[in-house]
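Note sheet for the following structure.
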Amino acid sequence: MNELALHPGLLLIGGALVLPFLRGHARSTAVLALPLAALFFLWQLPDGTLWHMQWLGYEISPLAVDKLSRLFATIFALMACGGGLFALGQQSRLEIPAAFVYAGSAIGVALAGDLITVFVFWELMAVGSTLVLWSAGTPAAWAASRRYVMIHLLGGVILFAGVTGHLIDTGDAAFARMAPDSIAHWLILAGFLINAGAPPLSAWLPDAYPEASWSGTVFLSAFTTKTAVYVLLRGFPGTEFLIWIGLFMVFYGIVYALLENDMRRILAYSIVNQVGFMIAGIGIGTEMALNGAAAHAFTHILYKALLLMSAGSVLAATGRRKCSELGGLFHSMPLTTICGTIGALAISSFPLTSGFVSKSMVTQAAIDGHLVWVWLLLAAASAGVFLHAGIKFPWFVFFQKDSGLRPADPPASMRLAMVVFAFLCIALGVWPEPLYALLPHAVDYAPYTAAHVLTQLQLLLFSGLAFFVMLPWLKRTPTLTLDTDWLYRVPLPSAARAVKRIHQRGQRGANALSGAIVARLSAGVRRHKQADGLILRSWPTGSMALWVMTMLLAWLALYYLP
Amino acid sequence: MSVAAHLPALQVVLPLAAAPLAVLLRNRTAAFALVLAATWAAFAISVLMWQQVAASGPLSYALGSWPPPWGIEYRVDALSALVLMLVSGVAAVVLPYCRASIEREIRRDNHYLFYAMFALCLSGLLGIAITGDAFNLFVFLEISSLSSYVLIALGRDRRALLAAYQYLIMGTIGATFIVIGVGLLYLMTGTLNLADMSVRLQSVTSHRPVLAALAFLTVGISLKLALFPLHQWLPNAYAYAPSAVSAFLAATATKVSVYALLRFYFSVFGEGAVFKQLPMAEFMLVLALAGMFVASAVAIFQDNLKRLFAYSSVAQIGYIVLGISFDSVTGLTATVVHLVNHAVTKGALFLLLGAVMAAMGGVTLARVRGIGRVMPRTTFGIVLCGLSLIGVPGTAGFVSKWYLILAAMEKGQWWLVFLIVLSSLLAVAYVWRFVEAAYFRAPRADLAQVREAPLALALPAWLMVGATVWFGLDTSVTVGSAARAAAMLLGAVP
């Protein structure tokens, strides 16, 4: 069992438990070395199922490797490393260990060969991410983390019910392709989709992520939704209804991001939007589409992290997060501006950036599958992405009016993390072959054809034009945007309060009634209440005995009645 | 006859004989050594018998060579072998812990009496599980109960005395009910041997006294096993007893009562009479669910951790009874598995809380603030046990919940599956209160001198914690034995 130490996910989780005890250079070294070690061991693993175990009579395989799982585990490990580098200066001692538990369990999901292991790491991921969110330490983060963990516990319960049903139906724990043909499989699909940020519960994502610390959001953006993409890729490829879910998410993200004023909420909505592209690709289900979804998840993690790093740098430097309070930062934060812009270009699929080589595969798959409507909608959405994230974010934060703020670029570790990720975004765009080689299916696709590049440039050009023409309407005022989370943030608690009031009233009535009865039956018992406070809350012996009598009479009545 | 043939008698006689000897010795070290030897011997005997039963079926031992049904029969089958092993195993772990623990909680010149009571209590609990005779069962029940009243009353807290008194009153009412039930059965069948009684009940024509006997036994035993709403004696008794006693009783006393209930329901009255002809299953289902939810909800609002986990015990008993109410092999397997798993988990929890008590002088949530920093290992152990109470995969608690859910699904009752999972969320809430206090509250100023628990307390506690995790990963012992016991109870195999 010497392979035990070589599970990259467990390595990261185990390391996370040691991290809080390290200080200074030892800590910095460990933060960078742990994910790299996980990456190294990951690539030492051969393909196939490596661990077999028996548990409750089911065959489980906590470590199983194939191309798809290796791809996702790789990007998760990379992301843990980059995020760790960016977060080195973070004051909170909890955040990086929590993020590593989070990343390690995401890797665990990616390497799980059976549904039970998936579920275990799934829940661990919820715990890790909640702790990341929470380590921001603000009251808003605390409240958001509670809403966040409730949604994820709910998702976990649904997933668990589904997995249990699946085990009972089939007797087999292996995580293989499923179709939504039974209650159990629908439940599993629903559990997966909740983590993907799918409707109707999409709101947990933009509700929670922007409340994390300047570095915490970088971690949060990467793992939860992308593990959901991974499990959908493995479990439900070609499920047609996912196309429509994906398209809904794409437009939901765009609309809300356009309305939003908080820079990190804009980026959070654009996560939903980008994950929508991936889910639509999974729904199309051809090899090209699946490749596209997987590749897009890979590149998306990189450029979204880059965008959130630049936003995090701004937040750390200025303490402001609303677009209406920012602007003109390019004067004093040139590097952050450049990196943020590169990220923005990548998310808009600008040629020569990573977004271009991955997203185009999904749209191409829609054409190949003769899904004209899907293609049209995806193309329209691509223009929308440029509008809300590609221009809006850098324009309002780094350019537009001068807010008068002159913060300096962030410290070296954060600058380095941004430069590395910006480099990766461009390198993958210029030289996509290594990424294509990692994809689960063979790739027969050339992104850089003249027609392709031209179409994309036209699209971007026109939406760019549209942005500046419509600028007066897009100018953000300090507003709030209402989303479905309002439903469980406002009416639900007040409904609960109403129920509580009714309950209290009922209870008062019942108490008065039973009080009258008890008083008559056992007036003497009340003297015991003179004892000290704690005993007062316990039951007097007499009323305990009363219960015994009640029970006996109930049983006897029950037996003699039939 | 060799010694091996007398194992069933020795199982009870060894601790029973150790008790008066410990009193005569009047020396705490000698008494401790004697009782420890008897307890470990009892554990060894129970393991041997468990192996024998697993290999070659039930053992029957005629006490004083009087053959049953005239003499008293000791009978060890799949269920009793497991319960015997559980009780003596917990005792074997808790007793070494007692020595360091009662040092701080009980006056030194009373220590030898404590050990004597402990041995008595152990022999009573073992006796209930091994005897095949109804009246003998009552006698052992009284032995264990009387000694546990004394053990609880030894608590340092003044409220321990009142808790013990309340337990005494309630326990006596319960025992009276049980003896009335046994008396009615004796009246109708003319025998006290459980197996014989079961046979003769078939030919009894007048049902009313038998039904009355069933009612008295049900209520009496429900009281002893703290079935909601007859649980009120339990929280105070566990909260104010000496730490080691809390751990021992929480792990064994209610579990042995569950055993007695199973024995009467399935081996005497018969599954058909209890569940098919009477609306028993529905009634138990309602009480079990009420216990799961009400007790968990009450636990959330407790400030004293021992009380908090005592209420959690009441909720967990709800799960155990829920398994019985399914009246199926899977349901009973869940019951028996949870009986073991919860015993181990709660035993570990109370042992760890005892270590906290020794270090901090109290276990209220206000007092344990920031304990995660000064007693990291102990705190982590409590969290692990808490995870098992919630039913997180990889812990013992998950295995039991899993079988409960399987049993509910077998019956096609999805709403029950949902309720079982939902009640786990309540457990999340009360365990979270501890986690929040331990890790995320600023520690009190006087916490600086507090040290991690000494080895004498930590080692037994971690043995139990280890078992909690072990039974979550390797289920061959627990589920294997429980499945055999469940099949035996429902008459599939002898």
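Labeling convention for the structure tokens: chains A, B, ... as they appear, residues from 1 per chain, ligands from 1 in order of appearance.
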Neighbouring residues of Gly384 (chain A) were defined as those with any atom within 10 Å, considering only C-alpha atoms; residues of the same chain fewer than 6 positions away were excluded. Please report them as a tab-separated table (two decimals) with N, CA and C atoms, in the first residue's frame.
```tsv
chain	number	residue	atom	x	y	z
A	250	VAL	N	-25.67	31.09	-19.56
A	250	VAL	CA	-24.88	32.03	-20.35
A	250	VAL	C	-25.53	33.41	-20.32
A	251	PHE	N	-26.85	33.43	-20.57
A	251	PHE	CA	-27.50	34.75	-20.67
A	251	PHE	C	-27.79	35.34	-19.30
A	253	GLY	N	-25.88	35.08	-16.78
A	253	GLY	CA	-24.62	35.70	-16.37
A	253	GLY	C	-24.41	37.04	-17.04
A	254	ILE	N	-24.69	37.10	-18.34
A	254	ILE	CA	-24.45	38.36	-19.06
A	254	ILE	C	-25.34	39.47	-18.53
A	255	VAL	N	-26.63	39.17	-18.42
A	255	VAL	CA	-27.57	40.22	-18.03
A	255	VAL	C	-27.23	40.78	-16.66
A	257	ALA	N	-24.41	40.55	-15.06
A	257	ALA	CA	-23.10	41.20	-15.02
A	257	ALA	C	-23.18	42.60	-15.59
A	258	LEU	N	-24.01	42.79	-16.62
A	258	LEU	CA	-24.15	44.13	-17.18
A	258	LEU	C	-24.79	45.09	-16.19
A	273	ASN	N	-21.73	32.53	-16.42
A	273	ASN	CA	-21.83	32.64	-17.87
A	273	ASN	C	-20.89	31.67	-18.56
A	348	SER	N	-12.84	37.05	-23.46
A	348	SER	CA	-13.63	37.40	-24.64
A	348	SER	C	-13.22	36.58	-25.86
A	378	LEU	N	-25.05	31.01	-28.94
A	378	LEU	CA	-23.69	31.02	-28.39
A	378	LEU	C	-22.89	32.16	-28.98
A	390	GLY	N	-15.16	41.56	-20.94
A	390	GLY	CA	-14.00	41.91	-21.74
A	390	GLY	C	-13.71	43.40	-21.73
A	459	LEU	N	-16.92	40.11	-34.61
A	459	LEU	CA	-17.85	40.03	-33.47
A	459	LEU	C	-17.38	40.94	-32.35
A	460	LEU	N	-16.09	40.85	-32.05
A	460	LEU	CA	-15.56	41.63	-30.93
A	460	LEU	C	-15.59	43.11	-31.25
A	463	SER	N	-19.15	44.45	-30.94
A	463	SER	CA	-19.64	44.59	-29.57
A	463	SER	C	-18.84	45.65	-28.84
A	464	GLY	N	-17.56	45.81	-29.21
A	464	GLY	CA	-16.78	46.89	-28.62
A	464	GLY	C	-17.38	48.23	-28.99
A	467	PHE	N	-20.43	48.88	-27.05
A	467	PHE	CA	-20.15	49.27	-25.66
A	467	PHE	C	-19.96	50.78	-25.56
```
List as a PDB file with N, CA and C atoms, in the first residue's frame the protein and nucleic acid residues near Phe269 (chain B), meaning an atom at most 9 Å away when only C-alpha atoms are counted, but skip any in the same chain fewer than 2 places from it.
```
ATOM      1  N   MET B 197     -40.882 -20.151  27.666  1.00  0.00           N
ATOM      2  CA  MET B 197     -42.001 -19.217  27.738  1.00  0.00           C
ATOM      3  C   MET B 197     -42.549 -18.952  26.338  1.00  0.00           C
ATOM      4  N   SER B 198     -41.617 -18.757  25.403  1.00  0.00           N
ATOM      5  CA  SER B 198     -42.014 -18.467  24.034  1.00  0.00           C
ATOM      6  C   SER B 198     -42.838 -19.607  23.452  1.00  0.00           C
ATOM      7  N   LEU B 201     -46.311 -19.740  25.200  1.00  0.00           N
ATOM      8  CA  LEU B 201     -47.211 -18.628  24.870  1.00  0.00           C
ATOM      9  C   LEU B 201     -48.086 -18.953  23.666  1.00  0.00           C
ATOM     10  N   GLN B 202     -47.572 -19.810  22.793  1.00  0.00           N
ATOM     11  CA  GLN B 202     -48.338 -20.175  21.597  1.00  0.00           C
ATOM     12  C   GLN B 202     -49.698 -20.770  21.970  1.00  0.00           C
ATOM     13  N   VAL B 210     -51.522 -11.453  28.636  1.00  0.00           N
ATOM     14  CA  VAL B 210     -50.280 -11.431  27.860  1.00  0.00           C
ATOM     15  C   VAL B 210     -50.058 -10.041  27.290  1.00  0.00           C
ATOM     16  N   LEU B 214     -47.058  -7.447  27.954  1.00  0.00           N
ATOM     17  CA  LEU B 214     -46.296  -6.774  26.894  1.00  0.00           C
ATOM     18  C   LEU B 214     -46.249  -5.273  27.153  1.00  0.00           C
ATOM     19  N   ARG B 263     -34.907  -8.881  23.077  1.00  0.00           N
ATOM     20  CA  ARG B 263     -35.060 -10.245  23.577  1.00  0.00           C
ATOM     21  C   ARG B 263     -36.534 -10.550  23.846  1.00  0.00           C
ATOM     22  N   PHE B 264     -37.203  -9.651  24.540  1.00  0.00           N
ATOM     23  CA  PHE B 264     -38.610  -9.911  24.859  1.00  0.00           C
ATOM     24  C   PHE B 264     -39.473  -9.880  23.600  1.00  0.00           C
ATOM     25  N   TYR B 265     -39.234  -8.890  22.749  1.00  0.00           N
ATOM     26  CA  TYR B 265     -40.077  -8.773  21.556  1.00  0.00           C
ATOM     27  C   TYR B 265     -39.925  -9.972  20.638  1.00  0.00           C
ATOM     28  N   PHE B 266     -38.671 -10.295  20.320  1.00  0.00           N
ATOM     29  CA  PHE B 266     -38.465 -11.254  19.241  1.00  0.00           C
ATOM     30  C   PHE B 266     -38.310 -12.677  19.741  1.00  0.00           C
ATOM     31  N   SER B 267     -37.716 -12.858  20.945  1.00  0.00           N
ATOM     32  CA  SER B 267     -37.487 -14.229  21.393  1.00  0.00           C
ATOM     33  C   SER B 267     -38.625 -14.750  22.255  1.00  0.00           C
ATOM     34  N   GLU B 271     -42.066 -12.080  16.789  1.00  0.00           N
ATOM     35  CA  GLU B 271     -42.206 -10.929  15.906  1.00  0.00           C
ATOM     36  C   GLU B 271     -43.644 -10.785  15.402  1.00  0.00           C
ATOM     37  N   GLY B 272     -44.296 -11.929  15.129  1.00  0.00           N
ATOM     38  CA  GLY B 272     -45.656 -11.883  14.602  1.00  0.00           C
ATOM     39  C   GLY B 272     -46.623 -11.257  15.592  1.00  0.00           C
ATOM     40  N   ALA B 273     -46.493 -11.663  16.867  1.00  0.00           N
ATOM     41  CA  ALA B 273     -47.434 -11.166  17.867  1.00  0.00           C
ATOM     42  C   ALA B 273     -47.249  -9.674  18.096  1.00  0.00           C
ATOM     43  N   VAL B 274     -45.986  -9.224  18.097  1.00  0.00           N
ATOM     44  CA  VAL B 274     -45.732  -7.831  18.435  1.00  0.00           C
ATOM     45  C   VAL B 274     -46.037  -6.913  17.257  1.00  0.00           C
TER      46      VAL B 274
END
```
Please report, as JSON lines, each residue of chain A lying at most 10 Å from chain B, together with the nearest pair of atoms and the separation in Å rounded to one decimal; use only C-alpha atoms, and order rows by chain and ascending residue number.
```
{"residue": "A:Gln54", "atom": "CA", "partner": "B:Asp474", "partner_atom": "CA", "distance": 8.8}
{"residue": "A:Trp55", "atom": "CA", "partner": "B:Leu473", "partner_atom": "CA", "distance": 7.0}
{"residue": "A:Leu56", "atom": "CA", "partner": "B:Thr475", "partner_atom": "CA", "distance": 6.8}
{"residue": "A:Gly57", "atom": "CA", "partner": "B:Thr475", "partner_atom": "CA", "distance": 9.3}
{"residue": "A:Ile116", "atom": "CA", "partner": "B:Pro393", "partner_atom": "CA", "distance": 8.8}
{"residue": "A:Thr117", "atom": "CA", "partner": "B:Pro393", "partner_atom": "CA", "distance": 9.5}
{"residue": "A:Phe119", "atom": "CA", "partner": "B:Pro393", "partner_atom": "CA", "distance": 9.0}
{"residue": "A:Val120", "atom": "CA", "partner": "B:Pro393", "partner_atom": "CA", "distance": 6.8}
{"residue": "A:Glu123", "atom": "CA", "partner": "B:Val392", "partner_atom": "CA", "distance": 9.3}
{"residue": "A:Leu153", "atom": "CA", "partner": "B:Leu425", "partner_atom": "CA", "distance": 8.7}
{"residue": "A:Leu154", "atom": "CA", "partner": "B:Leu422", "partner_atom": "CA", "distance": 9.7}
{"residue": "A:Val157", "atom": "CA", "partner": "B:Val421", "partner_atom": "CA", "distance": 7.3}
{"residue": "A:Ile158", "atom": "CA", "partner": "B:Phe418", "partner_atom": "CA", "distance": 9.5}
{"residue": "A:Phe160", "atom": "CA", "partner": "B:Val421", "partner_atom": "CA", "distance": 9.3}
{"residue": "A:Ala161", "atom": "CA", "partner": "B:Val417", "partner_atom": "CA", "distance": 8.1}
{"residue": "A:Thr164", "atom": "CA", "partner": "B:Leu406", "partner_atom": "CA", "distance": 8.4}
{"residue": "A:Gly165", "atom": "CA", "partner": "B:Met409", "partner_atom": "CA", "distance": 8.6}
{"residue": "A:Ile168", "atom": "CA", "partner": "B:Leu406", "partner_atom": "CA", "distance": 8.2}
{"residue": "A:Ala531", "atom": "CA", "partner": "B:Arg159", "partner_atom": "CA", "distance": 9.8}
{"residue": "A:Asp532", "atom": "CA", "partner": "B:Arg159", "partner_atom": "CA", "distance": 9.2}
{"residue": "A:Leu534", "atom": "CA", "partner": "B:Arg159", "partner_atom": "CA", "distance": 8.9}
{"residue": "A:Ile535", "atom": "CA", "partner": "B:Arg159", "partner_atom": "CA", "distance": 8.0}
{"residue": "A:Ser538", "atom": "CA", "partner": "B:Gln232", "partner_atom": "CA", "distance": 7.5}
{"residue": "A:Trp539", "atom": "CA", "partner": "B:Gln232", "partner_atom": "CA", "distance": 6.5}
{"residue": "A:Pro540", "atom": "CA", "partner": "B:Gln166", "partner_atom": "CA", "distance": 8.2}
{"residue": "A:Thr541", "atom": "CA", "partner": "B:Gln166", "partner_atom": "CA", "distance": 5.8}
{"residue": "A:Gly542", "atom": "CA", "partner": "B:Gln166", "partner_atom": "CA", "distance": 9.3}
{"residue": "A:Ser543", "atom": "CA", "partner": "B:Gln232", "partner_atom": "CA", "distance": 9.5}
{"residue": "A:Met544", "atom": "CA", "partner": "B:Gln232", "partner_atom": "CA", "distance": 6.6}
{"residue": "A:Ala545", "atom": "CA", "partner": "B:Met170", "partner_atom": "CA", "distance": 6.9}
{"residue": "A:Leu546", "atom": "CA", "partner": "B:Leu230", "partner_atom": "CA", "distance": 9.8}
{"residue": "A:Trp547", "atom": "CA", "partner": "B:Leu230", "partner_atom": "CA", "distance": 6.7}
{"residue": "A:Val548", "atom": "CA", "partner": "B:Leu230", "partner_atom": "CA", "distance": 6.6}
{"residue": "A:Met549", "atom": "CA", "partner": "B:Val219", "partner_atom": "CA", "distance": 8.9}
{"residue": "A:Thr550", "atom": "CA", "partner": "B:Val219", "partner_atom": "CA", "distance": 9.9}
{"residue": "A:Met551", "atom": "CA", "partner": "B:Val219", "partner_atom": "CA", "distance": 6.7}
{"residue": "A:Leu552", "atom": "CA", "partner": "B:Val219", "partner_atom": "CA", "distance": 6.0}
{"residue": "A:Leu553", "atom": "CA", "partner": "B:Ala215", "partner_atom": "CA", "distance": 8.7}
{"residue": "A:Ala554", "atom": "CA", "partner": "B:Ala215", "partner_atom": "CA", "distance": 9.0}
{"residue": "A:Trp555", "atom": "CA", "partner": "B:Ala215", "partner_atom": "CA", "distance": 5.7}
{"residue": "A:Leu556", "atom": "CA", "partner": "B:Ala215", "partner_atom": "CA", "distance": 6.0}
{"residue": "A:Ala557", "atom": "CA", "partner": "B:Ala215", "partner_atom": "CA", "distance": 9.6}
{"residue": "A:Leu558", "atom": "CA", "partner": "B:Pro279", "partner_atom": "CA", "distance": 7.6}
{"residue": "A:Tyr559", "atom": "CA", "partner": "B:Leu211", "partner_atom": "CA", "distance": 6.5}
{"residue": "A:Tyr560", "atom": "CA", "partner": "B:Arg208", "partner_atom": "CA", "distance": 7.7}
{"residue": "A:Leu561", "atom": "CA", "partner": "B:Leu278", "partner_atom": "CA", "distance": 9.6}
{"residue": "A:Pro562", "atom": "CA", "partner": "B:Leu278", "partner_atom": "CA", "distance": 7.7}
```
Strand (DSSP E or B) residues, from DSSP on the backbone, in region 42-267 of chain A, as a PyMOL selection string: chain A and resi 48-49+53-55+58-60+64-65+114+174+262
Output of the above residues as an mmCIF file, in the first residue's frame, restricted to C-alpha atoms:
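Writing the result to part-v8.cif gives the following:
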```
data_model
loop_
_atom_site.group_PDB
_atom_site.id
_atom_site.type_symbol
_atom_site.label_atom_id
_atom_site.label_comp_id
_atom_site.auth_asym_id
_atom_site.auth_seq_id
_atom_site.Cartn_x
_atom_site.Cartn_y
_atom_site.Cartn_z
ATOM 1 C CA GLY A 48 -6.155 2.922 -14.837
ATOM 2 C CA THR A 49 -7.687 2.139 -11.467
ATOM 3 C CA MET A 53 -11.150 -1.250 -1.677
ATOM 4 C CA GLN A 54 -14.183 -3.000 -0.339
ATOM 5 C CA TRP A 55 -16.576 -0.923 1.658
ATOM 6 C CA TYR A 58 -19.258 -2.184 -2.670
ATOM 7 C CA GLU A 59 -16.183 -2.122 -4.790
ATOM 8 C CA ILE A 60 -14.722 1.358 -4.508
ATOM 9 C CA ALA A 64 -8.499 6.044 -10.835
ATOM 10 C CA VAL A 65 -6.740 7.953 -13.589
ATOM 11 C CA ASP A 114 -16.650 5.555 -7.822
ATOM 12 C CA ALA A 174 -18.475 2.716 -10.231
ATOM 13 C CA ASP A 262 -19.355 45.559 -7.804
#
```
Exercise: Asp368 (chain A) partners within 10 Å, only C-alpha atoms, chain neighbours under 6 positions left out, as number ranges by chain: A: 286, 288-289, 362, 375
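Compared by their closest atoms to Val101 (chain A), and using only C-alpha atoms, the residues A:Leu115, A:Leu17, A:Ala176, A:Leu36 rank with A:Leu17 nearest.
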Point-to-point distance in Å for CA of Ala293 (chain A) and CA of Ile347 (chain A): 14.3 Å
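Interatomic distance, CA of Pro460 (chain B) against CA of Val93 (chain B): 5.6 Å.
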For Trp214 (chain A): contacts at 10 Å, only C-alpha atoms, fewer than 6 positions along chain excluded, given as a ChimeraX atom specification: /A:86-87,90,136,264,308-317,319
Take the selection from the previous step and output its residues with C-alpha atoms, as a PDB file, in the first residue's frame.
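Everything below was put into part_32.pdb:
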```pdb
ATOM      1  CA  PHE A  86      -0.917  35.122  -4.914  1.00  0.00           C
ATOM      2  CA  ALA A  87      -2.153  34.656  -1.346  1.00  0.00           C
ATOM      3  CA  GLN A  90      -2.614  37.064   3.242  1.00  0.00           C
ATOM      4  CA  ALA A 136     -12.219  36.794   5.148  1.00  0.00           C
ATOM      5  CA  ARG A 264     -15.983  41.096  -8.265  1.00  0.00           C
ATOM      6  CA  LEU A 308      -9.844  37.952 -10.024  1.00  0.00           C
ATOM      7  CA  MET A 309      -6.181  38.403  -9.102  1.00  0.00           C
ATOM      8  CA  SER A 310      -6.176  41.809 -10.756  1.00  0.00           C
ATOM      9  CA  ALA A 311      -9.469  42.651  -9.047  1.00  0.00           C
ATOM     10  CA  GLY A 312      -8.022  41.337  -5.785  1.00  0.00           C
ATOM     11  CA  SER A 313      -4.948  43.523  -6.205  1.00  0.00           C
ATOM     12  CA  VAL A 314      -7.166  46.543  -6.703  1.00  0.00           C
ATOM     13  CA  LEU A 315      -9.246  45.634  -3.679  1.00  0.00           C
ATOM     14  CA  ALA A 316      -6.177  45.020  -1.517  1.00  0.00           C
ATOM     15  CA  ALA A 317      -4.664  48.330  -2.598  1.00  0.00           C
ATOM     16  CA  GLY A 319     -10.251  48.735  -0.260  1.00  0.00           C
TER      17      GLY A 319
END
```
Selection: 12 Å around Phe21 (chain A), only C-alpha atoms, excl. self and same-chain fewer than 4 positions, as a PyMOL selection string: (chain A and resi 15-17+26-27+30+93-94+97) or (chain B and resi 373)
Got time to write the residues from that selection, C-alpha atoms, as a PDB file, in the first residue's frame?
```
ATOM      1  CA  GLY A  15      -0.157  19.152   3.779  1.00  0.00           C
ATOM      2  CA  ALA A  16      -2.910  21.627   4.547  1.00  0.00           C
ATOM      3  CA  LEU A  17      -3.189  20.183   8.052  1.00  0.00           C
ATOM      4  CA  ALA A  26       9.106  27.314   5.729  1.00  0.00           C
ATOM      5  CA  ARG A  27       5.467  28.251   5.231  1.00  0.00           C
ATOM      6  CA  ALA A  30       5.434  24.606   1.691  1.00  0.00           C
ATOM      7  CA  ARG A  93      -3.658  31.963   8.715  1.00  0.00           C
ATOM      8  CA  LEU A  94      -6.694  29.866   7.926  1.00  0.00           C
ATOM      9  CA  PRO A  97      -4.796  25.661   4.476  1.00  0.00           C
TER      10      PRO A  97
ATOM     11  CA  ARG B 373      -5.416  25.807  20.979  1.00  0.00           C
TER      12      ARG B 373
END
```
Picked from region 32-139 of chain B by DSSP as helix (DSSP H, G or I), as a PyMOL selection string: chain B and resi 32-56+63-65+78-105+108-130+134-139
